[in-house]
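In what follows, a structure is listed as structure tokens, so that the remarks can point back to it.
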Amino acid sequence: MVPIVRNISVCNRRYLLRLVAVAAAGSGLLYSKSDSNARATVSLKVLVPQRESLWLPRQITQDAFPRPSFLSSDPWQLGLLPLFSSRIGSVPSSDSDIKKEASEAVRDDPKPCCNCLGRDTIANAAARTGPAVVNLSVPQGFYGLSTGKSIGSGTIIDKDGTILTCAHVVVDFQGMRGLSKGKIDVTLQDGRTFEGTVVNADLPSDIAIVKIHSKTPLPTAKLGSSRELRPGDWVVAMGCPLSLQNTVTAGIVSCVDRKSSDLGLGGMQREYLQTDCAINGGNSGGPLVNIDGEVVGVNIMKVLAADGLGFAVPIDSVSKIIEHFKKSGRVVRPWLGLKMVDLNDMIISQLKQRDATFPNVNKGILVPMVTPGSPADRAGFHPGDIVIELDGKPVASIKEIIEIMGDRVGVPLKVLVKRGNDSLVTLTVIPEDSNPDM
């Protein structure tokens, strides 16, 4: 303290008193290190009436606290030493308690400009959805011997205890989960634990529903829409990677319609949201959230050999699957037996160069292959047909065909196709159930 007093001895006495007050209020553990990665800060909270009386002139602060030569002149080198903590909150007694906790977690700072990312944008989005994100644990084993647990995440989407997650987290694919007998250990963010039951699962889409029963209110997440997402939009991935509950990572949407064929996945064609959010084992089934705190996807997988390549099932597709679950207990998918390709200007131009008889179209769906014995084969489809109408509605993509068919199995559908030399043919096809035994 002597050197400090000596340096400011020529100053007004009241500055000395202010300096002593600041030093006393901010006393604690202070250390410095030449390593630029070591960071520390001292924070001082002062009541407004005393704030003006404690400021030191800039010149005095510089002279009174000379910087050691081994410290950088860059103020950011001293940064922030973060402090981590976790707690288990009390069980809410009513829905109003849940809403109150959520509102307290969301800061009411001034909103940034339209389409701007504010200081608390990501934190507020995570706070709105976080309480509804759960950890799922499924015992694994065979012949009565435990081999560990399968860990995943989920989101409570209804107050009745409906949890949205991935099928591969809760469904036995490899005969390794005989110990669970369909029971799932569910842990909420507030520390409550429940025994959940798998009520629905769709393997092709990898979506499942788990149900829990609670006598106290449950937090829920709001489902948004993935249709409005664009590449570059900010999103937040939430879940329990490597059993680390309440983990939040942020990134952007890299692609809104990544096809399963692009990833080398066989079977039915599916589309995913691609994101660069950090996703690891245990994130599966957790929500992908927009900056409004709405669930826009279900995290499902990542590319192991790369960073920043994660994928989620769009929530619009998930919502349709949930409707199927409610209506039929499973997802009903009509099957035609066609391999189809969406046409665009470049593909049409190339096909016309190869074959002068190629139909004169500017959109449609090309049929390069027809499965023998399939409904499409019996209806009279030929390789090279271009589907331009289905059930009286113009179509330009496979997605539109799937939407029009819905779950209409066994219902005749009129299809207008265009063939070589611009000949039009109307066919009648009767879709079959793609999974009649499920």
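Starting from 1 in every chain, residues are counted up; chains themselves are A, B, ... following the order of the structure tokens, and ligands are numbered from 1 as listed.
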
Inset, instruction - With a distance cut-off of 7 Å and only C-alpha atoms, select the neighbouring residues of Leu273 (chain A), excluding the residue or stretch itself and same-chain residues fewer than 5 positions from it, and output the selection as a count of residues only. - result: 8

Inset, instruction - Using only C-alpha atoms, pick whichever of A:Gly154, A:Gly406, A:Gly380, A:Gly337 has the shortest atom-to-atom distance to Asn283 (chain A). - result: A:Gly154

Inset, instruction - Using DSSP on the backbone, list every residue of region 111-320 of chain A that comes out as strand (DSSP E), and give them as number ranges by chain. - result: A: 133-142, 145-156, 162-166, 183-187, 193-202, 207-211, 222-223, 234-239, 247-259, 271-275, 287-290, 294-302, 310-314

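Between CA of Ser137 (chain A) and CA of Gly282 (chain A) the interatomic distance comes to 9.6 Å.
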
Inset, instruction - With a distance cut-off of 7 Å and only C-alpha atoms, select the neighbouring residues of Asn421 (chain A), excluding the residue or stretch itself and same-chain residues fewer than 5 positions from it, and output the selection as a PyMOL selection string. - result: chain A and resi 357-359

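The alpha helix (DSSP H) portion of region 137-294 of chain A consists of Ala167, His168, Val169 and Val170 of chain A, with states taken from DSSP on the backbone.
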
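Relative to CA of Ile209 (chain A), CA of Pro334 (chain A) is found at 22.2 Å.
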
Residue contacts of Thr165 (chain A) (7 Å, only C-alpha atoms) excluding same-chain residues fewer than 5 positions away, as a CSV table (one decimal) with N, CA, C and O atoms, in the first residue's frame:
chain,number,residue,atom,x,y,z
A,153,SER,N,-31.2,-37.7,-25.4
A,153,SER,CA,-31.9,-36.5,-25.0
A,153,SER,C,-33.3,-36.6,-25.5
A,153,SER,O,-33.7,-37.4,-26.4
A,154,GLY,N,-34.2,-35.7,-25.0
A,154,GLY,CA,-35.5,-35.6,-25.4
A,154,GLY,C,-36.1,-34.2,-25.1
A,154,GLY,O,-35.5,-33.4,-24.3
A,155,THR,N,-37.3,-33.9,-25.5
A,155,THR,CA,-38.0,-32.7,-25.2
A,155,THR,C,-39.4,-32.9,-24.9
A,155,THR,O,-40.1,-33.6,-25.6
A,207,ILE,N,-37.8,-41.3,-35.3
A,207,ILE,CA,-38.5,-40.5,-34.4
A,207,ILE,C,-39.3,-41.4,-33.5
A,207,ILE,O,-39.9,-42.4,-33.9
A,208,ALA,N,-39.3,-41.0,-32.2
A,208,ALA,CA,-40.1,-41.8,-31.2
A,208,ALA,C,-40.7,-40.9,-30.1
A,208,ALA,O,-40.3,-39.8,-30.0
A,209,ILE,N,-41.7,-41.5,-29.5
A,209,ILE,CA,-42.4,-40.8,-28.4
A,209,ILE,C,-42.3,-41.6,-27.1
A,209,ILE,O,-42.6,-42.8,-27.1
A,285,GLY,N,-31.9,-36.9,-30.2
A,285,GLY,CA,-33.2,-36.7,-29.6
A,285,GLY,C,-33.4,-35.3,-29.0
A,285,GLY,O,-34.6,-35.0,-28.7
A,286,GLY,N,-32.3,-34.6,-28.8
A,286,GLY,CA,-32.5,-33.2,-28.2
A,286,GLY,C,-33.0,-32.2,-29.3
A,286,GLY,O,-32.9,-32.5,-30.5

Inset, instruction - For each of A:Val395, A:Ile151, A:Ile291, A:Val296, take the minimum atom-to-atom distance to Leu242 (chain A), counting only C-alpha atoms, then give the residue where this is smallest. - result: A:Ile151

Inset, instruction - Tell me which protein, DNA and RNA residues are within 7 Å of region 424-426 of chain A, counting only C-alpha atoms, leaving out same-chain ones fewer than 6 positions away, and put them as a ChimeraX atom specification. - result: /A:414-418

Any chance you can output those residues with N, CA, C and O atoms as a PDB file, in the first residue's frame?
ATOM      1  N   LYS A 414     -55.160 -40.512 -59.816  1.00  0.00           N
ATOM      2  CA  LYS A 414     -54.927 -40.206 -61.224  1.00  0.00           C
ATOM      3  C   LYS A 414     -53.583 -39.490 -61.368  1.00  0.00           C
ATOM      4  O   LYS A 414     -53.299 -38.521 -60.663  1.00  0.00           O
ATOM      5  N   VAL A 415     -52.782 -39.972 -62.313  1.00  0.00           N
ATOM      6  CA  VAL A 415     -51.458 -39.393 -62.540  1.00  0.00           C
ATOM      7  C   VAL A 415     -51.326 -39.016 -64.014  1.00  0.00           C
ATOM      8  O   VAL A 415     -51.573 -39.844 -64.904  1.00  0.00           O
ATOM      9  N   LEU A 416     -50.953 -37.755 -64.279  1.00  0.00           N
ATOM     10  CA  LEU A 416     -50.721 -37.297 -65.647  1.00  0.00           C
ATOM     11  C   LEU A 416     -49.228 -37.291 -65.900  1.00  0.00           C
ATOM     12  O   LEU A 416     -48.458 -36.622 -65.184  1.00  0.00           O
ATOM     13  N   VAL A 417     -48.791 -38.058 -66.901  1.00  0.00           N
ATOM     14  CA  VAL A 417     -47.370 -38.125 -67.235  1.00  0.00           C
ATOM     15  C   VAL A 417     -47.155 -37.675 -68.675  1.00  0.00           C
ATOM     16  O   VAL A 417     -48.056 -37.772 -69.523  1.00  0.00           O
ATOM     17  N   LYS A 418     -45.940 -37.165 -68.918  1.00  0.00           N
ATOM     18  CA  LYS A 418     -45.564 -36.729 -70.263  1.00  0.00           C
ATOM     19  C   LYS A 418     -44.435 -37.611 -70.754  1.00  0.00           C
ATOM     20  O   LYS A 418     -43.454 -37.857 -70.027  1.00  0.00           O
TER      21      LYS A 418
END

Inset, instruction - Could you check how far CA of Asp433 (chain A) sits from CA of Val332 (chain A), in Å to one decimal? - result: 6.7 Å
